[in-house]
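**Student:** Got target_36.txt for you, compact mmCIF, C-alpha atoms:
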# COMPACT_ATOMS: atom_id res chain seq x y z
CA MET A 1329 173.44 51.37 -142.91
CA TYR A 1330 173.09 48.50 -140.45
CA THR A 1331 169.57 49.58 -139.55
CA PHE A 1332 168.73 49.80 -143.21
CA VAL A 1333 169.88 46.21 -143.90
CA TRP A 1334 168.06 44.87 -140.89
CA HIS A 1335 165.00 46.73 -141.93
CA LYS A 1336 165.21 45.39 -145.44
CA SER A 1337 165.55 41.79 -144.31
CA PHE A 1338 162.66 42.28 -141.91
CA SER A 1339 160.41 43.50 -144.64
CA MET A 1340 161.59 40.63 -146.85
CA ARG A 1341 160.61 38.23 -144.12
CA LYS A 1342 157.31 39.97 -143.82
CA LEU A 1343 156.82 39.70 -147.52
CA LEU A 1344 157.62 36.00 -147.42
CA PHE A 1345 155.17 35.47 -144.61
CA ALA A 1346 152.55 37.37 -146.50
CA LEU A 1347 153.26 35.29 -149.59
CA LEU A 1348 153.11 32.06 -147.63
CA PHE A 1349 149.87 33.17 -146.04
CA CYS A 1350 148.43 33.96 -149.44
CA ILE A 1351 149.37 30.55 -150.82
CA THR A 1352 148.04 28.53 -147.88
CA GLY A 1353 145.02 30.81 -147.74
CA SER A 1354 144.13 30.22 -151.35
CA VAL A 1355 144.74 26.48 -151.04
CA GLN A 1356 142.46 26.41 -148.05
CA ALA A 1357 139.86 28.41 -149.93
CA GLN A 1358 139.94 25.84 -152.71
CA ASN A 1359 139.39 22.94 -150.34
CA LYS A 1360 137.07 24.70 -147.96
CA GLN A 1361 134.31 22.19 -148.45
CA GLN A 1362 135.31 18.80 -147.14
CA VAL A 1363 133.34 16.00 -148.72
CA ASP A 1364 134.14 12.45 -147.69
CA LEU A 1365 132.83 9.02 -148.60
CA TYR A 1366 130.16 7.79 -146.19
CA SER A 1367 128.97 4.25 -145.63
CA LEU A 1368 125.46 3.32 -144.50
CA GLU A 1369 126.83 2.61 -141.01
CA GLN A 1370 128.57 5.99 -140.82
CA PHE A 1371 125.36 7.65 -141.95
CA LYS A 1372 123.27 5.94 -139.29
CA THR A 1373 125.80 6.75 -136.57
CA ARG A 1374 125.85 10.40 -137.63
CA VAL A 1375 122.12 11.11 -137.86
CA MET A 1376 120.65 8.67 -135.34
CA GLN A 1377 122.18 10.09 -132.19
CA ASP A 1378 120.54 10.10 -128.82
CA ASN A 1379 120.51 13.87 -128.39
CA ASP A 1380 118.15 16.77 -128.97
CA THR A 1381 119.77 17.88 -132.20
CA LEU A 1382 117.47 17.77 -135.18
CA TYR A 1383 119.23 16.42 -138.25
CA VAL A 1384 117.95 17.73 -141.57
CA VAL A 1385 119.43 15.39 -144.18
CA ASN A 1386 119.16 16.12 -147.86
CA PHE A 1387 119.98 13.55 -150.56
CA TRP A 1388 121.09 15.30 -153.72
CA ALA A 1389 123.58 15.23 -156.60
CA THR A 1390 125.46 17.83 -158.62
CA TRP A 1391 123.75 16.64 -161.81
CA CYS A 1392 120.24 16.89 -160.35
CA GLY A 1393 118.65 20.19 -161.40
CA PRO A 1394 115.91 20.45 -158.74
CA CYS A 1395 118.42 19.42 -156.05
CA VAL A 1396 120.83 22.18 -156.99
CA LYS A 1397 117.98 24.67 -157.09
CA GLU A 1398 116.94 23.96 -153.51
CA LEU A 1399 120.47 23.95 -152.00
CA PRO A 1400 120.38 27.70 -151.26
CA HIS A 1401 117.27 27.19 -149.10
CA PHE A 1402 119.22 24.82 -146.86
CA LYS A 1403 122.16 27.21 -146.72
CA LYS A 1404 119.97 30.21 -145.92
CA LEU A 1405 118.02 28.49 -143.13
CA SER A 1406 121.19 27.12 -141.56
CA GLU A 1407 122.59 30.65 -141.45
CA THR A 1408 119.46 32.48 -140.31
CA THR A 1409 116.50 30.78 -138.61
CA TYR A 1410 118.52 27.85 -137.28
CA ALA A 1411 121.88 29.52 -136.70
CA GLY A 1412 123.11 28.59 -133.23
CA LYS A 1413 120.16 26.24 -132.71
CA PRO A 1414 120.39 22.46 -132.20
CA VAL A 1415 119.53 21.87 -135.86
CA LYS A 1416 122.16 20.30 -138.08
CA PHE A 1417 121.92 20.39 -141.86
CA ILE A 1418 123.69 17.57 -143.69
CA LEU A 1419 124.07 17.04 -147.43
CA MET A 1420 124.38 13.48 -148.73
CA SER A 1421 125.58 13.48 -152.32
CA LEU A 1422 124.67 10.61 -154.64
CA ASP A 1423 127.29 11.58 -157.17
CA ALA A 1424 129.70 8.96 -158.44
CA ARG A 1425 132.59 8.20 -156.09
CA THR A 1426 134.96 9.28 -158.85
CA ASN A 1427 133.39 12.76 -158.58
CA LEU A 1428 134.26 13.24 -154.91
CA ILE A 1429 136.59 16.19 -155.50
CA GLN A 1430 134.30 17.81 -158.06
CA THR A 1431 131.42 17.58 -155.60
CA GLY A 1432 133.42 19.57 -153.03
CA GLN A 1433 134.42 22.11 -155.66
CA PHE A 1434 130.81 22.43 -156.75
CA LEU A 1435 129.67 23.21 -153.19
CA ASP A 1436 132.55 25.66 -152.82
CA LYS A 1437 131.60 27.50 -155.97
CA LYS A 1438 128.02 27.80 -154.76
CA LYS A 1439 129.30 28.80 -151.29
CA ILE A 1440 126.95 26.33 -149.61
CA GLY A 1441 129.11 25.63 -146.55
CA ILE A 1442 126.99 22.82 -145.10
CA GLU A 1443 128.39 19.53 -143.77
CA ALA A 1444 128.57 17.25 -146.78
CA HIS A 1445 129.30 13.60 -147.50
CA LEU A 1446 129.18 11.42 -150.57
CA PHE A 1447 126.99 8.41 -149.94
CA ALA A 1448 128.81 5.26 -150.99
CA ALA A 1449 126.57 2.62 -149.51
CA GLY A 1450 126.44 -0.06 -152.20
CA ASP A 1451 123.23 -1.52 -153.61
CA PRO A 1452 120.49 1.14 -153.47
CA ASN A 1453 117.90 -1.63 -153.27
CA VAL A 1454 119.30 -2.45 -149.86
CA TRP A 1455 119.81 0.99 -148.34
CA ILE A 1456 116.71 2.67 -149.80
CA ASN A 1457 114.52 -0.01 -148.25
CA GLN A 1458 116.36 0.37 -144.96
CA LEU A 1459 116.10 4.14 -144.80
CA GLU A 1460 112.60 4.56 -146.19
CA PRO A 1461 110.56 1.79 -147.88
CA SER A 1462 108.22 4.30 -149.53
CA TRP A 1463 111.10 6.06 -151.28
CA GLU A 1464 110.83 5.51 -155.04
CA GLY A 1465 114.46 6.45 -155.52
CA SER A 1466 114.12 9.91 -156.99
CA ILE A 1467 116.05 12.87 -155.61
CA PRO A 1468 116.00 15.34 -153.99
CA ALA A 1469 114.76 13.58 -150.89
CA THR A 1470 114.90 14.99 -147.38
CA PHE A 1471 114.83 13.31 -143.98
CA LEU A 1472 114.43 14.61 -140.44
CA TYR A 1473 116.04 12.63 -137.64
CA GLN A 1474 115.99 13.26 -133.91
CA LYS A 1475 116.75 11.20 -130.83
CA GLY A 1476 117.82 8.27 -132.93
CA SER A 1477 114.71 7.98 -135.04
CA LYS A 1478 113.23 9.26 -138.27
CA LEU A 1479 110.63 12.02 -137.87
CA ALA A 1480 109.81 12.73 -141.48
CA PHE A 1481 110.62 11.99 -145.09
CA ARG A 1482 109.87 13.89 -148.27
CA GLU A 1483 110.56 12.85 -151.86
CA ALA A 1484 110.17 16.18 -153.60
CA TYR A 1485 112.01 19.44 -153.80
CA PHE A 1486 111.36 22.59 -151.82
CA THR A 1487 110.31 25.50 -153.98
CA SER A 1488 111.14 28.03 -151.27
CA GLU A 1489 112.95 28.54 -147.99
CA LYS A 1490 109.56 28.91 -146.33
CA GLU A 1491 108.43 25.52 -147.61
CA LEU A 1492 111.53 23.89 -146.16
CA GLU A 1493 111.06 25.74 -142.88
CA ASN A 1494 107.44 24.55 -142.67
CA PHE A 1495 108.53 20.99 -143.32
CA ILE A 1496 110.98 21.26 -140.43
CA THR A 1497 108.65 23.00 -137.96
CA ASN A 1498 105.66 20.77 -138.78
CA HIS A 1499 107.57 17.66 -137.82
CA ARG A 1500 109.54 18.75 -134.81
CA MET B 720 83.15 8.15 -131.64
CA LYS B 721 81.94 5.37 -133.87
CA LYS B 722 81.28 7.90 -136.62
CA LEU B 723 84.78 9.28 -136.21
CA ILE B 724 86.31 5.83 -136.54
CA THR B 725 84.19 5.11 -139.61
CA ALA B 726 85.31 8.42 -141.10
CA ILE B 727 88.96 7.66 -140.40
CA VAL B 728 88.65 4.19 -141.90
CA ALA B 729 86.90 5.65 -144.97
CA VAL B 730 89.60 8.28 -145.47
CA CYS B 731 92.37 5.74 -144.96
CA SER B 732 90.91 3.28 -147.45
CA MET B 733 90.42 6.09 -149.95
CA THR B 734 94.05 7.12 -149.63
CA PHE B 735 95.05 3.50 -150.00
CA ALA B 736 92.94 3.11 -153.13
CA ALA B 737 94.41 6.28 -154.60
CA ARG B 738 97.91 4.98 -153.91
CA ALA B 739 97.14 1.63 -155.45
CA GLN B 740 96.24 3.35 -158.71
CA GLU B 741 99.55 5.17 -158.91
CA GLY B 742 101.08 2.65 -161.29
CA TYR B 743 101.63 -1.00 -162.03
CA LYS B 744 102.73 -3.57 -159.50
CA PRO B 745 104.21 -6.98 -160.33
CA GLY B 746 101.38 -9.23 -161.53
CA ASP B 747 99.28 -6.37 -162.93
CA GLU B 748 97.95 -6.55 -166.45
CA VAL B 749 99.41 -3.93 -168.78
CA LYS B 750 97.30 -1.92 -171.19
CA ASP B 751 98.87 -1.61 -174.63
CA PHE B 752 100.07 1.79 -175.80
CA LYS B 753 101.09 3.39 -179.05
CA LEU B 754 104.08 5.72 -179.15
CA LYS B 755 106.21 7.27 -181.86
CA ASN B 756 109.59 5.70 -182.48
CA ILE B 757 112.65 7.73 -183.52
CA ASP B 758 112.06 6.58 -187.13
CA GLY B 759 108.64 8.27 -187.05
CA LYS B 760 106.69 4.99 -187.00
CA MET B 761 104.15 4.25 -184.29
CA VAL B 762 105.01 1.29 -182.08
CA SER B 763 102.71 -0.75 -179.87
CA LEU B 764 103.41 -3.84 -177.78
CA GLY B 765 100.87 -5.87 -179.77
CA GLY B 766 102.63 -4.90 -183.00
CA ILE B 767 105.88 -6.63 -182.12
CA LYS B 768 105.57 -10.21 -183.32
CA ASP B 769 107.14 -13.24 -181.65
CA ALA B 770 107.66 -11.35 -178.42
CA LYS B 771 107.26 -13.39 -175.26
CA GLY B 772 107.61 -10.24 -173.27
CA TYR B 773 109.34 -6.89 -173.22
CA ILE B 774 112.02 -5.09 -171.27
CA VAL B 775 110.37 -1.68 -171.01
CA VAL B 776 112.96 0.88 -169.88
CA PHE B 777 112.00 4.44 -169.05
CA THR B 778 115.20 6.29 -169.85
CA CYS B 779 116.43 9.51 -171.39
CA ASN B 780 119.47 11.25 -172.85
CA HIS B 781 120.53 13.71 -170.19
CA CYS B 782 120.53 11.77 -166.92
CA PRO B 783 123.96 10.55 -165.72
CA TYR B 784 122.38 7.39 -164.34
CA ALA B 785 120.61 6.70 -167.64
CA LYS B 786 123.87 7.35 -169.50
CA ALA B 787 125.76 5.04 -167.18
CA TYR B 788 123.28 2.29 -168.02
CA GLU B 789 123.06 2.85 -171.81
CA ASP B 790 125.56 0.13 -172.72
CA ARG B 791 123.93 -2.26 -170.28
CA ILE B 792 120.50 -1.61 -171.83
CA ILE B 793 121.98 -2.36 -175.25
CA ALA B 794 123.51 -5.56 -173.84
CA LEU B 795 120.17 -6.59 -172.33
CA HIS B 796 118.54 -6.24 -175.74
CA ASN B 797 121.30 -8.11 -177.57
CA GLU B 798 121.21 -10.86 -174.99
CA ASN B 799 117.46 -11.35 -174.90
CA ALA B 800 115.74 -9.97 -178.03
CA GLU B 801 116.22 -13.09 -180.11
CA GLU B 802 114.77 -15.18 -177.34
CA GLY B 803 111.64 -13.05 -177.29
CA TYR B 804 112.43 -10.24 -174.87
CA PRO B 805 113.35 -7.06 -176.74
CA VAL B 806 114.04 -3.72 -175.09
CA ILE B 807 111.46 -0.96 -175.52
CA ALA B 808 113.13 2.28 -174.45
CA ILE B 809 110.80 5.18 -173.63
CA ASN B 810 111.67 8.81 -172.99
CA SER B 811 108.90 10.56 -171.06
CA ASN B 812 110.73 13.74 -170.06
CA ASP B 813 109.31 17.13 -170.90
CA PRO B 814 111.89 18.65 -173.30
CA LYS B 815 111.04 22.08 -171.92
CA ALA B 816 112.45 20.98 -168.57
CA ALA B 817 115.21 18.84 -170.09
CA PRO B 818 116.19 20.21 -173.53
CA GLU B 819 118.59 17.30 -174.08
CA ASP B 820 115.60 14.96 -174.14
CA SER B 821 113.86 16.43 -177.17
CA TRP B 822 112.68 14.33 -180.10
CA GLU B 823 115.59 15.58 -182.24
CA LYS B 824 118.14 14.82 -179.53
CA MET B 825 116.64 11.36 -179.04
CA LYS B 826 117.31 10.62 -182.70
CA GLU B 827 120.87 11.91 -182.41
CA ARG B 828 121.60 9.85 -179.31
CA ALA B 829 120.14 6.68 -180.80
CA LYS B 830 122.33 7.15 -183.89
CA GLU B 831 125.48 7.86 -181.87
CA LYS B 832 125.00 4.80 -179.70
CA GLU B 833 123.49 2.68 -182.51
CA PHE B 834 120.56 1.64 -180.38
CA PRO B 835 119.46 -1.82 -181.56
CA PHE B 836 116.01 -1.27 -179.98
CA VAL B 837 113.12 1.12 -180.46
CA TYR B 838 113.36 4.44 -178.63
CA LEU B 839 109.89 5.88 -178.13
CA PHE B 840 108.80 9.38 -177.23
CA ASP B 841 106.06 9.52 -174.58
CA GLU B 842 105.20 13.10 -175.46
CA ASN B 843 102.10 13.51 -173.31
CA GLN B 844 103.68 11.45 -170.49
CA GLU B 845 100.61 9.22 -170.21
CA VAL B 846 102.50 5.94 -170.51
CA ALA B 847 104.94 6.88 -167.73
CA LYS B 848 102.02 7.86 -165.52
CA ARG B 849 100.10 4.68 -166.24
CA PHE B 850 103.15 2.53 -165.52
CA GLY B 851 104.06 4.52 -162.45
CA ALA B 852 107.54 5.27 -163.76
CA VAL B 853 109.18 7.95 -161.66
CA ARG B 854 112.84 7.97 -162.57
CA THR B 855 115.32 7.14 -165.30
CA PRO B 856 116.28 4.42 -165.77
CA HIS B 857 113.23 2.55 -164.46
CA VAL B 858 112.63 -0.96 -165.79
CA PHE B 859 109.32 -2.80 -166.19
CA LEU B 860 109.80 -6.36 -167.37
CA LEU B 861 106.63 -7.65 -169.05
CA GLN B 862 105.60 -11.21 -169.79
CA LYS B 863 102.83 -12.54 -172.05
CA GLU B 864 100.53 -14.87 -170.19
CA GLY B 865 97.56 -16.42 -171.95
CA GLY B 866 97.11 -13.52 -174.34
CA LYS B 867 97.57 -10.97 -171.58
CA MET B 868 100.58 -8.80 -170.92
CA LYS B 869 101.61 -8.82 -167.29
CA VAL B 870 104.23 -7.07 -165.19
CA ALA B 871 106.86 -9.56 -164.04
CA TYR B 872 109.47 -7.25 -162.52
CA ILE B 873 109.86 -3.58 -161.66
CA GLY B 874 113.02 -1.75 -160.67
CA ALA B 875 116.74 -1.54 -161.18
CA ILE B 876 118.93 -3.11 -163.87
CA ASP B 877 121.61 -4.16 -161.40
CA ASP B 878 123.13 -3.17 -158.06
CA ASN B 879 126.01 -0.96 -159.21
CA TRP B 880 125.31 2.02 -161.44
CA GLU B 881 128.88 3.34 -161.29
CA ASP B 882 130.63 0.22 -162.50
CA ALA B 883 128.96 -2.47 -164.60
CA ASN B 884 131.83 -4.87 -163.98
CA ALA B 885 131.45 -4.53 -160.22
CA ALA B 886 127.74 -5.33 -160.25
CA THR B 887 126.97 -8.52 -158.38
CA LYS B 888 123.19 -8.66 -158.69
CA HIS B 889 121.83 -8.44 -162.23
CA TYR B 890 118.19 -7.99 -161.33
CA VAL B 891 116.64 -7.71 -164.81
CA GLN B 892 118.67 -10.52 -166.37
CA ALA B 893 117.96 -12.76 -163.38
CA ALA B 894 114.23 -12.11 -163.74
CA ILE B 895 114.34 -12.84 -167.49
CA ASP B 896 116.24 -16.07 -166.86
CA GLU B 897 113.63 -17.08 -164.33
CA LEU B 898 110.85 -16.32 -166.83
CA LYS B 899 112.63 -18.38 -169.49
CA ASP B 900 112.96 -21.28 -167.06
CA GLY B 901 109.34 -20.96 -165.97
CA LYS B 902 110.42 -20.24 -162.40
CA PRO B 903 108.85 -17.70 -160.06
CA ILE B 904 110.76 -14.42 -159.87
CA ALA B 905 112.75 -14.26 -156.65
CA GLU B 906 113.00 -10.48 -156.55
CA ALA B 907 110.07 -8.92 -158.39
CA GLN B 908 110.63 -5.37 -157.23
CA THR B 909 113.81 -3.43 -156.45
CA LYS B 910 114.67 0.15 -155.60
CA ALA B 911 117.18 2.34 -157.36
CA ILE B 912 118.32 5.92 -157.51
CA GLY B 913 117.75 7.78 -160.73
CA CYS B 914 116.81 11.13 -162.19
CA THR B 915 113.23 12.14 -161.61
CA ILE B 916 111.08 12.07 -164.73
CA LYS B 917 110.62 15.71 -165.71
CA TRP B 918 106.86 16.24 -165.65
CA LYS B 919 105.11 18.95 -167.60
CA GLY B 920 103.95 22.04 -165.76
CA LYS B 921 106.03 21.33 -162.69
Represent the structure from my file as structure tokens, please.

**Tutor:**
Amino acid sequence: MYTFVWHKSFSMRKLLFALLFCITGSVQAQNKQQVDLYSLEQFKTRVMQDNDTLYVVNFWATWCGPCVKELPHFKKLSETTYAGKPVKFILMSLDARTNLIQTGQFLDKKKIGIEAHLFAAGDPNVWINQLEPSWEGSIPATFLYQKGSKLAFREAYFTSEKELENFITNHR
Amino acid sequence: MKKLITAIVAVCSMTFAARAQEGYKPGDEVKDFKLKNIDGKMVSLGGIKDAKGYIVVFTCNHCPYAKAYEDRIIALHNENAEEGYPVIAINSNDPKAAPEDSWEKMKERAKEKEFPFVYLFDENQEVAKRFGAVRTPHVFLLQKEGGKMKVAYIGAIDDNWEDANAATKHYVQAAIDELKDGKPIAEAQTKAIGCTIKWKGK
């Protein structure tokens, strides 16, 4: 009898733990993709570091068709060719600040899993000219940074993984 | 070696020339065009009487940036049309790539928003190419000068697409005010983010 009660409570506890795990697990799954607001200064500090890491930075937005189309190429390369290599893929969203949460949910749904920020840097006329004077302001746009300086810039989308890989290898 | 240098210089200058032809710059003379308005009538710059200039805005229906600026484009027209600077809105997107930007949808959108300006369809995309418009919205402020139409300003409407009330620099209005006052334009070209114009066959 005693054993039975103990056993019952044990399994109850186990059940509770399992339940708790499920809840936290699902909450975590929902917020897997952390997207935060990023200023121009934060951006520069992040990508212009004095190390050997190559930063592949993609400016995009959830509403931009060609941007969304090329996201899987970034995901795939980060998981295959450049997995474990000193190459860091970073997504800079140009969505509205009020869409911060939706941007994270969007990336979650697409299972992109790449470091992502929402660029909230004020007047584009200021930061576009600072980052790349030849940039007309259309997205997607992709930058390569290494050792604190810009190696390459491209204002067009990548039709394939191979095209993105070539862009990276040609400029390293 | 000398030949090599000459070749490099030649190639460089060719690339430069090709780039220079990629669209208008402030000060360039604008060639008139004729495009179909949402009411079916053909519109050309020369056909609009009493205009001192035009606020040409490459825009569209579907783009969130263009949508965010719709009310501000209407306000620009209401503020300046009577004084000789009406808005000419142009949609150059390929409806195959952006179904929301079809001729029918343009008419619907103009009706919904009661556009007080013409909304032209650049079906073969030639006007966008000639201007060098690449995104929506993309503004080209034009000014008549001795019978010629010249580009006075190219770029953004203001410095805050998300919140009109938080904008601190009203680039287009500032340029128009300077034109009205006969002053040189302080900032004749600005950069902005927008949706890429959806080109045919791309």

**Student:** When you look at B:Ile876 with a cut-off of 8 Å (counting only C-alpha atoms), what residues show up, excluding the ones that are within fewer than 6 positions of it in the same chain? I need them as a VMD selection string.

**Tutor:** chain B and resid 858 889 to 892

**Student:** Which neighbours of stretch 1423-1440 of chain A fall inside 10 Å, counting all atoms listed in the file, when residues of the same chain fewer than 5 positions from it are skipped, and could you give them as an MDAnalysis selection string?

**Tutor:** (chainID A and resid 1357:1365 1388:1392 1396 1399:1404 1406 1445:1448) or (chainID B and resid 783:784 880:882)

**Student:** Give me, as an MDAnalysis selection string, all polymer residues having an atom no more than 10 Å from stretch 862-869 of chain B, counting all atoms listed in the file and skipping those fewer than 3 positions away in the same chain.

**Tutor:** chainID B and resid 743:751 764:765 770:774 803:804 859 872 895 898

**Student:** Select residues of chain A: the criterion is any atom within 12 Å of an atom of chain B, counting only C-alpha atoms; output as a VMD selection string.

**Tutor:** chain A and resid 1387 to 1395 1421 to 1427 1447 to 1469 1483 to 1485 1487

**Student:** Quick check, in Å to one decimal: how far apart do atom CA of B:Asn812 and atom CA of B:Asn797 lie?

**Tutor:**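 Straight-line distance from atom CA of B:Asn812 to atom CA of B:Asn797 works out to 25.4 Å.
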
**Student:** Using all atoms of stretch 1419-1423 of chain A listed in the file and a margin of 4 Å per side, can you give the axis-aligned box centre and edge lengths in Å to one decimal, as lines of an AutoDock Vina configuration file?

**Tutor:**
center_x = 125.7
center_y = 13.8
center_z = -152.3
size_x = 11.2
size_y = 14.4
size_z = 17.7

**Student:** Report, in Å with one decimal, the straight-line distance from atom CA of A:Asn1379 to atom CA of A:Glu1491.

**Tutor:**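 Between atom CA of A:Asn1379 and atom CA of A:Glu1491 the gap is 25.5 Å.
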
**Student:** Which residue, B:Glu845, B:Glu741, B:Glu802, B:Asn780, has the smallest gap to B:Ser821 when you use all atoms listed in the file?

**Tutor:**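 Looking only at the distances to B:Ser821, the closest residue turns out to be B:Asn780.
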
**Student:** Excluding stretch 756-761 of chain B and any residue of its chain fewer than 6 positions from it, enumerate the residues within 10 Å of it, using all atoms listed in the file, and give them as a list in words.

**Tutor:**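 Everything that qualifies: Ile807, Ala808, Ile809, Trp822, Glu823, Lys824, Met825, Lys826, Glu827, Ala829, Lys830, Phe836, Val837, Tyr838, Leu839, Phe840 and Asp841 of chain B.
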
**Student:** By how many Å are atom CA of B:Leu754 and atom CA of B:Pro814 apart?

**Tutor:**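 Rounded to one decimal, the two atoms are 16.2 Å apart.
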